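Report on the following structure.
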Amino acid sequence: MPRRSVLAIGIDPAFADFTTLPGLTPELVRHHIDAELERVRAVGFEVESCLIDLGETAEATTSAALTSKPFDCVVIGAGLREPPAQLLLFEMIINLVHRLAPDARICFNRNPADTLDAVQRRIEA
């Protein structure tokens, strides 16, 4: 059986606002994202990352990733759901997933460190 495929969509840490998150830096968050995606791979999933900006190219970047191949699951990162100012971006991403990957299951992580848990809630390796 082919490996199940996962697309992880999230805000590129270079564009995130860390003013309310002392001790975090874009580099540290990127490291956590990469480490968690490696954990997802280690249990048997094929995973791709789609890190987006806050709007200028987010739609085009997400559309390109979603149409690159079929995905069994799409993980929507916590940074897209919070802060509330991201609502329109989050809504746009959800609608793209719905339109361009209608057969993919959708899951949500709480932070970069629980992406594997989110994926495993929706699909088996």
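Residues in the structure tokens are named by chain (A, B, ... in the order shown) and by number from 1 within that chain; ligands are numbered from 1 in the order shown.
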Where in chain A does DSSP assign strand (DSSP E), given as an MDAnalysis selection string? chainID A and resid 5:11 46:52 73:76 105:108
| request: Find the residues around region 110-122 of chain A up to 9 Å (only C-alpha atoms counted), leave out those fewer than 2 positions away in its own chain, and share them as a PyMOL selection string. | output: chain A and resi 6+8+29-30+32-37+39-40+43+73-75+77-79+105-108+124-125
- Task: Give me the residues within 12 Å of Cys50 (chain A) as a PyMOL selection string, counting only C-alpha atoms and dropping any in the same chain fewer than 5 places off.
- Result: chain A and resi 6-13+33-34+37+57-68+74-77+93
Emit the selected residues as a PDB file, in the first residue's frame, including C-alpha atoms.
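Written output follows (part-v5.pdb):
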```pdb
ATOM      1  CA  VAL A   6      -0.180  14.729   4.186  1.00  0.00           C
ATOM      2  CA  LEU A   7       0.024  18.435   3.389  1.00  0.00           C
ATOM      3  CA  ALA A   8       0.798  20.690   6.355  1.00  0.00           C
ATOM      4  CA  ILE A   9      -0.328  24.289   5.761  1.00  0.00           C
ATOM      5  CA  GLY A  10       0.820  26.995   8.143  1.00  0.00           C
ATOM      6  CA  ILE A  11       2.089  30.517   8.502  1.00  0.00           C
ATOM      7  CA  ASP A  12       5.751  30.856   7.626  1.00  0.00           C
ATOM      8  CA  PRO A  13       7.418  31.796  10.933  1.00  0.00           C
ATOM      9  CA  ILE A  33       7.859  22.594  12.562  1.00  0.00           C
ATOM     10  CA  ASP A  34      10.624  20.720  10.733  1.00  0.00           C
ATOM     11  CA  LEU A  37       7.218  16.873  10.155  1.00  0.00           C
ATOM     12  CA  THR A  57       0.871  35.083  -2.036  1.00  0.00           C
ATOM     13  CA  ALA A  58      -0.973  32.795   0.401  1.00  0.00           C
ATOM     14  CA  GLU A  59      -3.716  31.805  -2.027  1.00  0.00           C
ATOM     15  CA  ALA A  60      -1.378  31.063  -4.936  1.00  0.00           C
ATOM     16  CA  THR A  61       1.089  29.156  -2.736  1.00  0.00           C
ATOM     17  CA  THR A  62      -1.659  27.070  -1.148  1.00  0.00           C
ATOM     18  CA  SER A  63      -3.371  26.376  -4.478  1.00  0.00           C
ATOM     19  CA  ALA A  64      -0.087  25.221  -6.017  1.00  0.00           C
ATOM     20  CA  ALA A  65       0.570  22.855  -3.112  1.00  0.00           C
ATOM     21  CA  LEU A  66      -2.968  21.452  -3.095  1.00  0.00           C
ATOM     22  CA  THR A  67      -2.920  20.745  -6.824  1.00  0.00           C
ATOM     23  CA  SER A  68       0.591  19.271  -6.890  1.00  0.00           C
ATOM     24  CA  VAL A  74      -4.439  18.336   5.142  1.00  0.00           C
ATOM     25  CA  VAL A  75      -3.243  19.733   8.471  1.00  0.00           C
ATOM     26  CA  ILE A  76      -4.159  23.355   9.128  1.00  0.00           C
ATOM     27  CA  GLY A  77      -1.673  24.944  11.522  1.00  0.00           C
ATOM     28  CA  ILE A  93      -7.416  28.420   3.167  1.00  0.00           C
TER      29      ILE A  93
END
```
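Minimum distance to Ile123 (chain A) across A:Gln86, A:Met92, A:Asp72, A:Pro2 (counting only C-alpha atoms) occurs at A:Asp72.
Among A:Lys69, A:Leu88, A:Thr20, A:Ile94, the residue with the shortest atom-to-atom distance to Glu48 (chain A), counting only C-alpha atoms, is A:Lys69.
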